[in-house]
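So the structure is just underneath, and the comments pick up after that.
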Amino acid sequence: MPNQPNQPAGPETVLEMHQVVTRFGTHLVHSGVDLEVRRSEIMAVIGGSGSGKSTLLREMILLQMPDEGHIKVLGVDLANITDAAALALRQRFGVLFQHGGLFGALTVLENIGLPLREHTQKNNQDIDAIAAKKLAEVGLEEAVASQYPSELSGGMLKRAALARALVLGPELLFLDEPTAGLDPQSAAGIDTLVLALRRQSGLTIVMITHDLDLLWQVTDRVAVLADGKVQAVGTMAELAKMDNPTIQPFFDGPRARSAQAQATSQSKEPSSKPK
Amino acid sequence: MLEQLGQRVIAALTQIYALLGFLGESAMALAGWLAHPARIRWRPVLFNLRGAGFDALPIVGTLSFLLGIVVAYQGADQLRQYGANIFVTDLVGLSMLREFAPLMTAIIIAGRSGSAYAAQIGTMAVTQEIDAMRTIGIAPLEMLVLPKIVALVIALPLLTVFADLLGVAGGMLMARAQLGIGFGEFLDRFSKAVSVTSYLVGIGKAPVFAAIIVLVGCFQGFRTRGGADSVGQQTTRAVVQSIFLVIVADALFSIAFSVLDL
C-alpha cells in the first residue's frame with residue numbers, strides 16, 4: 001500500500017466490520033462478515049448477485065443496521081449511535097449511489113452545493129463557486145452546471161453525483177457500482193478519475209463492483225463475499241492464484257482473462273498507472 | 001385456502017401497524033418543527049400550497065358547482081309534490097356545507113395530490129434519492145412529508161370553502177330554473193336555514209381529511225421497492241386507501257356529530 005505524503009504514517013483502520021450478521025426474515029444474508037479497510041487504500045467488495053454486497057454497503061453508510069456484530073466507521077461505532085453523532089459522521093464520508101441519487105428537482109450545481117447549504121453557514125455565492133470547482137474536478141464542463149439530472153448521460157450523471165459526494169471534503173468515499181451501465185469509454189474515464197482522486201487527497205475508497213477492468217486497474221485490495229462471509233482478501237493478483245471455488249468464477253472465462261492480461265501487460269510498461 | 005386468508009389478514013395488519021408507526025414518526029417530526037420554527041422548510045411548504053391548493057381550484061370548483069346542480073335537481077321533483085319548493089335551500093345548503101363539499105373536495109384531492117405524493121416519493125425511492133438524502137443528512141420526513149402536511153392542512157379547508165360557495169351557487173341556479181325560486185328569495189332563506197355550526201362542521205373535517213391524504217400517500221410512496229412498476233402499484237394503493245379512509249373518517253364524524261347533537 002502506498003503511503004500518501006499528507007497522511008499520518010503507518011496503516012490506520014478507517015472502517016472495521018466484526019462478525020456482522022444480517023437476516024431478511026429467515027434468510028441469512030451475512031453469517032459473520034469481518035472486514036478491515038486501511039487509510040488511503042482502494043478496497044473493493046465483490047461477490048455474486050444476492051451475496052449481500054449492497055446490503056453490506058448500506059450497513060456501512062448508516063442506511064441499515066446489522067442484526068448482530070459491530071461496525072466502526074472512521075472510529076465511530078455505529079451501534080446505538082445518536083442522531084447528532086450520525087449527522088456528524090455522515091458529513092465525513094461521501095457516497096456515490098448506483099443510480100447517482102441526484103435530486104431531479106434541482107440543477108446539477110444545486111445538487112452539488114446541497115450538502116454545503118445544509119451543513120455550513122456559507123453564502124450562496126461561495127457555495128456555487130465551490131460546487132463549480134468540484135464540477136471541474138470530476139471532469140465536467142461548465143455548461144452542465146445549469147442542467148437537470150434527467151438531461152445528463154449515464155457517465156455524466158455518475159461524475160456529477162461524485163462531485164456531490166466530494167463537496168464536503170470527505171475522508172472516506174463509498175462507490176456503489178461506479179461503472180455499471182456505462183459504455184467502455186465512460187467506464188475507463190471513471191477508472192482514471194478514481195485513481196486521480198486518491199492521488200490528490202489520499203482519500204480512502206470502498207467500492208462495490210463487478211467491473212473486472214476497474215478491479216484490475218484501480219483496486220489495492222479486494223474482498224470476496226460469498227456464502228455470507230468474506231472468503232478472502234488480497235490483491236487481484238493474489239486472489240487469482242487462490243484455489244477457492246467461491247473465488248475462481250471471477251477469474252475464469254474469456255472476459256476475466258482479457259482484463260487480467262491487459263492489466264499485467266500494462267504494469268510492465270514504465271508509464272503504468274500506480275497500483 | 002385458510003392459510004392464504006390468514007396470510008392476507010396478517011399482511012393487512014402489519015401494514016396498518018406500519019402506517020401507525022409512520023403517523024407517530026411524522027407527529028414527532030412535526031412536534032420538532034413546532035418546537036424549533038427556524039427548522040421549518042418554507043420553500044417546499046409554499047410549493048405544495050400552490051400545487052395541491054391553488055392549482056386544484058378549477059377542478060374542485062367545477063365539480064362542486066355540478067354537484068350543487070344535481071342535488072337541487074334531485075330534490076326539486078320531490079319538494080314540488082308537497083309544495084315545499086323553498087326547502088330546496090335547506091337541502092342544498094345543509095347537504096353541501098356539511099357533507100358534499102368537504103367529502104368531494106377530499107376525494108378529488110386524494111385522487112389528484114395523494115397519487116402525486118406517492119408517485120413522487122416512490123420515484124425518489126427507486127432512483128435512490130431518498131437514500132442519498134439520508135446520507136447527506138437531510139431527514140426525508142422533514143423534506144418530503146411535513147411540508148405536504150402543513151400545506152394541505154391549510155389548503156384543504158380553503159378549498160372546501162370554495163367548494164361550498166360554488167356548490168350552493170349551482171343549487172341556486174337549478175332552484176330558479178326548476179322551481180322558480182329567485183336568487184334573493186334563496187339567499188334570504190339560506191341565512192335562516194343554515195347555521196354557522198353547519199358551516200364549521202363541514203370545514204372542521206377538512207384538516208383531518210388532509211392529514212389522511214398526505215400520510216397515506218407518503219406512506220405508500222416510501223413503501224416502494226424495486227422498479228418503476230412498483231411506483232404504479234403504490235400510487236394506486238395510495239389513492240384507493242386514502243379515499244377509503246376519508247369516507248370512513250367522514251362516517252365516524254357523522255356518528256360523533258349525531259351523539260354530540262351538532
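Ligands are numbered from 1 in the order shown, chains are lettered A, B, ... in the order of the C-alpha cells, and residues start at 1 in each chain.
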Close residues, range 100-114 of chain B itself excluded, 6 Å, only C-alpha atoms, min 4 positions apart in chain, as a PDB file with C-alpha atoms, in the first residue's frame:
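New file around-v4.pdb:
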```pdb
ATOM      1  CA  ALA B  52     -52.169  20.927  -4.037  1.00  0.00           C
ATOM      2  CA  MET B  96     -73.347  20.849   0.518  1.00  0.00           C
ATOM      3  CA  THR B 160     -63.716  23.339   0.971  1.00  0.00           C
ATOM      4  CA  ALA B 163     -66.481  24.252  -2.938  1.00  0.00           C
ATOM      5  CA  ASP B 164     -69.215  25.424  -0.520  1.00  0.00           C
ATOM      6  CA  GLY B 202     -68.008  20.917   7.252  1.00  0.00           C
ATOM      7  CA  ILE B 213     -54.454  12.018   2.317  1.00  0.00           C
ATOM      8  CA  GLY B 217     -49.873   8.992   0.023  1.00  0.00           C
ATOM      9  CA  VAL B 239     -55.460   6.612  -3.905  1.00  0.00           C
ATOM     10  CA  ILE B 243     -60.356   7.613  -0.401  1.00  0.00           C
TER      11      ILE B 243
END
```
Identify, on the basis of only C-alpha atoms, every residue whose closest approach to Asp55 in chain B does not exceed 12 Å; exclude the query and any residue fewer than 4 positions from it along the same chain; express the result as a VMD selection string.
chain B and resid 47 to 51 59 to 61 109 112 to 113 155 159
Can you pull out every residue from range 113-270 of chain A that DSSP, working from the backbone, puts in alpha helix (DSSP H), and format the result as an MDAnalysis selection string?
chainID A and resid 113:119 124:137 154:166 184:201 212:218 236:241 254:268
With only C-alpha atoms as the counted atoms, please give the residues lying no more than 8 Å from range 197-213 of chain A, apart from itself and same-chain residues fewer than 6 positions off, as a PyMOL selection string.
chain A and resi 4+6-7+14+37-47+53-54+57+170-180+255-256+259-260+263
Would you write out those residues with N, CA and C atoms, as a short mmCIF file (atom, residue, chain, number, x, y, z; two decimals), in the first residue's frame?
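result28.cif was written with the following content:
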```
data_model
loop_
_atom_site.label_atom_id
_atom_site.label_comp_id
_atom_site.auth_asym_id
_atom_site.auth_seq_id
_atom_site.Cartn_x
_atom_site.Cartn_y
_atom_site.Cartn_z
N GLN A 4 0.69 7.93 1.49
CA GLN A 4 0.48 9.27 0.95
C GLN A 4 1.23 10.28 1.81
N ASN A 6 0.61 13.39 2.65
CA ASN A 6 -0.11 14.26 3.57
C ASN A 6 -0.95 13.48 4.58
N GLN A 7 -0.68 12.18 4.70
CA GLN A 7 -1.46 11.39 5.64
C GLN A 7 -0.57 10.94 6.79
N VAL A 14 -9.72 2.54 8.87
CA VAL A 14 -10.75 3.55 8.67
C VAL A 14 -12.13 2.94 8.85
N VAL A 37 -10.70 -1.90 6.46
CA VAL A 37 -10.22 -1.04 5.39
C VAL A 37 -9.22 -0.07 6.00
N ARG A 38 -8.03 0.04 5.37
CA ARG A 38 -6.99 0.91 5.92
C ARG A 38 -7.03 2.27 5.25
N ARG A 39 -6.42 3.23 5.88
CA ARG A 39 -6.43 4.59 5.35
C ARG A 39 -5.76 4.65 3.98
N SER A 40 -6.36 5.42 3.10
CA SER A 40 -5.81 5.71 1.77
C SER A 40 -5.71 4.50 0.85
N GLU A 41 -6.46 3.46 1.14
CA GLU A 41 -6.43 2.36 0.19
C GLU A 41 -7.74 2.33 -0.61
N ILE A 42 -7.66 1.66 -1.75
CA ILE A 42 -8.87 1.44 -2.54
C ILE A 42 -9.25 -0.01 -2.38
N MET A 43 -10.35 -0.21 -1.68
CA MET A 43 -10.79 -1.57 -1.38
C MET A 43 -12.07 -1.85 -2.14
N ALA A 44 -12.14 -3.00 -2.78
CA ALA A 44 -13.37 -3.37 -3.47
C ALA A 44 -13.98 -4.59 -2.81
N VAL A 45 -15.31 -4.64 -2.79
CA VAL A 45 -16.01 -5.83 -2.32
C VAL A 45 -16.67 -6.45 -3.54
N ILE A 46 -16.37 -7.70 -3.81
CA ILE A 46 -17.02 -8.36 -4.94
C ILE A 46 -17.76 -9.58 -4.43
N GLY A 47 -18.66 -10.08 -5.28
CA GLY A 47 -19.46 -11.23 -4.90
C GLY A 47 -20.56 -11.40 -5.93
N LYS A 53 -23.67 -7.86 -1.09
CA LYS A 53 -22.72 -6.76 -1.17
C LYS A 53 -23.40 -5.43 -0.91
N SER A 54 -24.55 -5.23 -1.58
CA SER A 54 -25.23 -3.95 -1.44
C SER A 54 -25.72 -3.75 -0.02
N LEU A 57 -22.91 -2.61 2.05
CA LEU A 57 -22.63 -1.19 1.85
C LEU A 57 -23.64 -0.34 2.60
N PRO A 170 -14.71 14.71 2.06
CA PRO A 170 -14.80 13.56 2.95
C PRO A 170 -13.45 12.84 3.12
N GLU A 171 -13.35 12.06 4.20
CA GLU A 171 -12.15 11.24 4.42
C GLU A 171 -12.31 9.88 3.78
N LEU A 172 -13.58 9.53 3.54
CA LEU A 172 -13.89 8.18 3.08
C LEU A 172 -14.95 8.30 1.99
N LEU A 173 -14.76 7.52 0.92
CA LEU A 173 -15.71 7.60 -0.18
C LEU A 173 -16.22 6.20 -0.50
N PHE A 174 -17.54 6.06 -0.59
CA PHE A 174 -18.13 4.78 -0.97
C PHE A 174 -18.66 4.87 -2.39
N LEU A 175 -18.32 3.88 -3.20
CA LEU A 175 -18.80 3.85 -4.57
C LEU A 175 -19.62 2.57 -4.77
N ASP A 176 -20.88 2.72 -5.18
CA ASP A 176 -21.72 1.57 -5.43
C ASP A 176 -21.80 1.35 -6.94
N GLU A 177 -21.16 0.33 -7.42
CA GLU A 177 -21.15 0.02 -8.85
C GLU A 177 -20.85 1.26 -9.70
N PRO A 178 -19.68 1.86 -9.53
CA PRO A 178 -19.44 3.15 -10.21
C PRO A 178 -19.45 3.07 -11.73
N THR A 179 -19.20 1.90 -12.31
CA THR A 179 -19.16 1.84 -13.77
C THR A 179 -20.33 1.06 -14.36
N ALA A 180 -21.26 0.58 -13.51
CA ALA A 180 -22.38 -0.21 -14.04
C ALA A 180 -23.22 0.63 -14.99
N ARG A 255 -13.71 -13.00 -20.51
CA ARG A 255 -13.70 -11.60 -20.12
C ARG A 255 -12.72 -11.36 -18.98
N ALA A 256 -12.75 -12.31 -18.02
CA ALA A 256 -11.85 -12.17 -16.88
C ALA A 256 -10.40 -12.26 -17.33
N ALA A 259 -9.18 -9.05 -19.17
CA ALA A 259 -8.95 -7.95 -18.24
C ALA A 259 -7.63 -8.16 -17.48
N GLN A 260 -7.38 -9.42 -17.12
CA GLN A 260 -6.16 -9.74 -16.40
C GLN A 260 -4.94 -9.54 -17.29
N ALA A 263 -4.20 -5.90 -17.72
CA ALA A 263 -3.64 -5.30 -16.51
C ALA A 263 -2.17 -5.68 -16.33
#
```
Interface, chain B side, toward chain A (6 Å; only C-alpha atoms) as a short mmCIF file (atom, residue, chain, number, x, y, z; two decimals) with N, CA and C atoms, in the first residue's frame:
```cif
data_model
loop_
_atom_site.label_atom_id
_atom_site.label_comp_id
_atom_site.auth_asym_id
_atom_site.auth_seq_id
_atom_site.Cartn_x
_atom_site.Cartn_y
_atom_site.Cartn_z
N THR B 127 -34.92 5.76 -7.57
CA THR B 127 -33.69 6.36 -8.09
C THR B 127 -32.68 6.65 -6.97
N GLN B 128 -32.94 6.11 -5.78
CA GLN B 128 -32.02 6.23 -4.63
C GLN B 128 -31.89 7.66 -4.12
N GLU B 129 -32.82 8.53 -4.50
CA GLU B 129 -32.74 9.90 -4.00
C GLU B 129 -33.01 9.96 -2.50
N ALA B 132 -29.89 8.91 -0.80
CA ALA B 132 -28.92 10.00 -0.91
C ALA B 132 -29.25 11.09 0.10
N GLY B 137 -27.63 13.78 5.12
CA GLY B 137 -28.00 14.26 6.45
C GLY B 137 -29.26 15.10 6.46
#
```
From a DSSP pass on the backbone, collect the residues of range 30-242 of chain A flagged as strand (DSSP E or B) and hand them back as a compact mmCIF listing (two decimals) with C-alpha atoms, in the first residue's frame.
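Now in selection-v4.txt:
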```txt
# COMPACT_ATOMS: atom_id res chain seq x y z
CA HIS A 30 -24.41 -12.34 6.24
CA SER A 31 -23.30 -15.01 8.69
CA GLY A 32 -20.36 -13.23 10.26
CA VAL A 33 -18.58 -10.76 7.99
CA ASP A 34 -15.16 -9.48 9.06
CA LEU A 35 -13.58 -6.68 7.09
CA GLU A 36 -10.94 -4.01 7.62
CA VAL A 37 -10.22 -1.04 5.39
CA ARG A 38 -6.99 0.91 5.92
CA ILE A 42 -8.87 1.44 -2.54
CA MET A 43 -10.79 -1.57 -1.38
CA ALA A 44 -13.37 -3.37 -3.47
CA VAL A 45 -16.01 -5.83 -2.32
CA ILE A 46 -17.02 -8.36 -4.94
CA GLU A 68 -25.56 -8.72 15.09
CA GLY A 69 -21.93 -7.65 15.11
CA HIS A 70 -20.09 -4.37 15.20
CA ILE A 71 -19.27 -1.80 12.54
CA LYS A 72 -16.88 1.06 13.14
CA VAL A 73 -16.60 3.82 10.54
CA VAL A 76 -17.23 5.71 15.38
CA ASP A 77 -19.21 2.67 16.47
CA PHE A 93 -17.96 10.33 4.22
CA GLY A 94 -19.36 10.61 0.71
CA VAL A 95 -21.45 8.10 -1.20
CA LEU A 96 -21.85 7.63 -4.93
CA PHE A 97 -25.04 5.65 -5.45
CA GLY A 100 -26.46 8.60 -8.84
CA LEU A 172 -13.89 8.18 3.08
CA LEU A 173 -15.71 7.60 -0.18
CA PHE A 174 -18.13 4.78 -0.97
CA LEU A 175 -18.80 3.85 -4.57
CA ASP A 176 -21.72 1.57 -5.43
CA THR A 204 -9.89 6.07 1.29
CA ILE A 205 -12.25 4.43 -1.18
CA VAL A 206 -14.55 1.46 -0.64
CA MET A 207 -16.37 0.21 -3.69
CA ILE A 208 -18.71 -2.48 -4.83
CA ARG A 221 -7.18 -4.95 -2.19
CA VAL A 222 -10.32 -6.91 -2.94
CA ALA A 223 -12.62 -8.75 -0.54
CA VAL A 224 -14.63 -11.64 -1.93
CA LEU A 225 -18.05 -12.07 -0.35
CA ALA A 226 -19.73 -15.46 -0.71
CA LYS A 229 -18.79 -14.44 4.74
CA VAL A 230 -15.68 -12.75 3.41
CA GLN A 231 -13.88 -15.68 1.79
CA ALA A 232 -10.60 -13.96 1.04
CA VAL A 233 -8.95 -10.55 0.97
CA GLY A 234 -5.96 -9.67 -1.17
```
If we count only C-alpha atoms and set the cut-off at 12 Å, which residues sit around Ser153 in chain A, ignoring sequence neighbours fewer than 2 positions away in its own chain? Please answer as a count of residues only.
19
